[in-house]
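Let me begin by presenting the structure, written as C-alpha cells, before commenting on it.
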Amino acid sequence: GADLLNPESVKETIAKQNQWSIGRKAVAAKAYTLFLRKLGLNWQKPIYEEPRKLPFIPTEKELDDLIAGTTAKTSTFLQLLKETGMRAGEAFQLKWTDIDFITCTVRVTPEKHSNPRIFKLSNRLIAMLNRLPRNHEHMFSFKNLNNLRRTYQRQRQKISHKFGNPRLLRITFHT
C-alpha cells in the first residue's frame with residue numbers, strides 16, 4: 001500500500017491502478033488533495049482528463065420502438081421528451097394547466113438556469129395526453145422522478161430483450 005503521508009507514493013499507487021477508469025483516478029486524486037488539506041499539507045496533484053466521446057444517438061426507430069413498448073404514462077412521458085427536448089425534471093413537473101389543448105402547445109417552467117419555453121406538440125402527443133387520467137394536478141403522477149426512472153428502466157430492459165437490441169439499454173431520459 002501507499003504511505004499516506006508520502007504524496008509521491010500515493011501518486012504512484014493511483015497511477016498503477018490499471019483497472020480504474022480515468023474518472024476514478026481523478027476522484028482518488030481529489031480525495032487525497034482534500035485529505036492533505038485537512039492535515040495542512042498539499043501536493044502536486046496529477047491531472048487526469050477523460051477523453052471526450054461522441055454521445056450515443058439512437059435511431060428514430062429505436063426511440064419509437066421504446067415509446068411504443070412502454071405503458072401509456074411512460075410512453076407519453078418519453079414522447080414528450082422526444083418532441084420537445086425538455087429535461088426530464090421539467091417534464092415531470094408539468095401540470096395539466098401548462099398544456100393548451102387548443103393551440104397544441106406546452107409551457108415549460110425551466111430548471112437549471114435555462115429559460116422558460118413554449119413548445120408545439122404533435123397531434124399524436126396530444127392524443128396520448130388526452131388518454132391519461134387527470135386525477136392529479138401534475139400530468140405524471142408517479143411518486144417522484146426516480147420512481148418514474150426505475151419504472152422506465154424495467155420496461156426498457158423487457159423491450160430490449162424482446163427486440164434483441166441491447167442498444168435500447170443505452171437510451172436514457174437524457175438521450
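Identifiers in this document derive from the order of the C-alpha cells: chains are assigned A, B, ..., residues are numbered from 1 separately in each chain, and ligands are numbered from 1 in order of occurrence.
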
Item to check | Polymer residues at most 12 Å from A:Thr71, only C-alpha atoms, same-chain spacing of 2 or more positions, as a list in words | outcome: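 Contacts, with the query itself left out: Leu66, Ile67, Ala68, Gly69, Lys73, Thr74, Ser75, Thr76, Phe77, Leu78, Gln79, Met128, Arg131, Leu132, Leu148, Thr151, Tyr152, Arg154, Gln155, Arg156, Lys158 and Ile159 of chain A.
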
Checklist entry - Near A:Leu168, counting only C-alpha atoms, which residues have an atom at most 10 Å away, once you skip same-chain residues fewer than 3 positions from it, shown as a ChimeraX atom specification? => result /A:58-59,62-63,65-66,156-157,159-161,163-165,171-172

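One finds atom CA of A:Arg167 at 28.6 Å from atom CA of A:Phe119.
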
Item to check | Residues near A:Val10, cut-off 9 Å, only C-alpha atoms, skip fewer than 5 positions along chain, as a list of chain:residue names | outcome: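 The contact residues come out as A:Gly1, A:Ala2, A:Asp3, A:Leu4, A:Leu5, A:Ala15, A:Ala29, A:Tyr32.
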
Checklist outcome for this item: Using only C-alpha atoms, the best pick from A:Trp43, A:Phe173, A:Tyr48, A:Phe140 as closest to A:Phe92 would be A:Phe140

Write down as a compact mmCIF listing (two decimals) with C-alpha atoms, in the first residue's frame the residues of stretch 29-147 of chain A whose backbone DSSP state falls under helix (DSSP H, G or I).
```
# COMPACT_ATOMS: atom_id res chain seq x y z
CA ALA A 29 -6.54 12.32 -6.51
CA LYS A 30 -9.19 14.86 -5.45
CA ALA A 31 -9.95 12.88 -2.28
CA TYR A 32 -6.24 12.75 -1.42
CA THR A 33 -5.97 16.50 -2.01
CA LEU A 34 -8.81 17.07 0.49
CA PHE A 35 -7.18 14.65 2.95
CA LEU A 36 -3.89 16.55 2.77
CA ARG A 37 -5.68 19.91 3.10
CA LYS A 38 -7.27 18.66 6.35
CA GLU A 60 -35.59 7.12 -34.78
CA LYS A 61 -36.89 3.55 -34.99
CA GLU A 62 -35.20 2.61 -31.71
CA LEU A 63 -36.83 5.58 -29.97
CA ASP A 64 -40.21 4.73 -31.47
CA ASP A 65 -39.87 1.04 -30.52
CA LEU A 66 -39.14 2.03 -26.94
CA ILE A 67 -42.00 4.53 -26.79
CA ALA A 68 -44.45 2.01 -28.30
CA GLY A 69 -43.39 -0.75 -25.91
CA ALA A 72 -49.32 4.59 -21.53
CA LYS A 73 -47.97 7.01 -18.93
CA THR A 74 -44.31 6.19 -19.60
CA SER A 75 -44.73 6.30 -23.39
CA THR A 76 -46.43 9.70 -23.15
CA PHE A 77 -43.55 10.97 -20.99
CA LEU A 78 -40.99 9.62 -23.49
CA GLN A 79 -42.84 11.09 -26.49
CA LEU A 80 -42.91 14.47 -24.73
CA LEU A 81 -39.14 14.32 -24.14
CA LYS A 82 -38.55 13.25 -27.76
CA GLU A 83 -40.65 16.05 -29.26
CA THR A 84 -39.55 18.89 -27.02
CA ALA A 88 -36.93 15.02 -17.50
CA GLY A 89 -37.36 17.16 -14.37
CA GLU A 90 -39.15 19.86 -16.37
CA ALA A 91 -41.50 17.29 -17.94
CA PHE A 92 -42.12 15.61 -14.59
CA TRP A 96 -52.35 19.96 -16.77
CA THR A 97 -52.70 23.75 -16.78
CA ASP A 98 -49.35 24.01 -18.66
CA ASN A 123 -51.42 15.66 -32.72
CA ARG A 124 -50.12 12.22 -31.76
CA LEU A 125 -48.78 13.53 -28.43
CA ILE A 126 -51.98 15.50 -27.76
CA ALA A 127 -53.96 12.26 -28.30
CA MET A 128 -51.62 10.41 -25.91
CA LEU A 129 -52.07 13.14 -23.27
CA ASN A 130 -55.84 13.00 -23.67
CA ARG A 131 -55.77 9.28 -22.86
CA LEU A 145 -38.82 11.29 -10.79
CA ASN A 146 -36.57 8.47 -9.53
CA ASN A 147 -39.61 6.22 -9.24
```

Item to check | In chain A, DSSP strand (DSSP E or B) residues written as number ranges by chain | outcome: A: 95, 99-100, 105-108, 117-120, 138
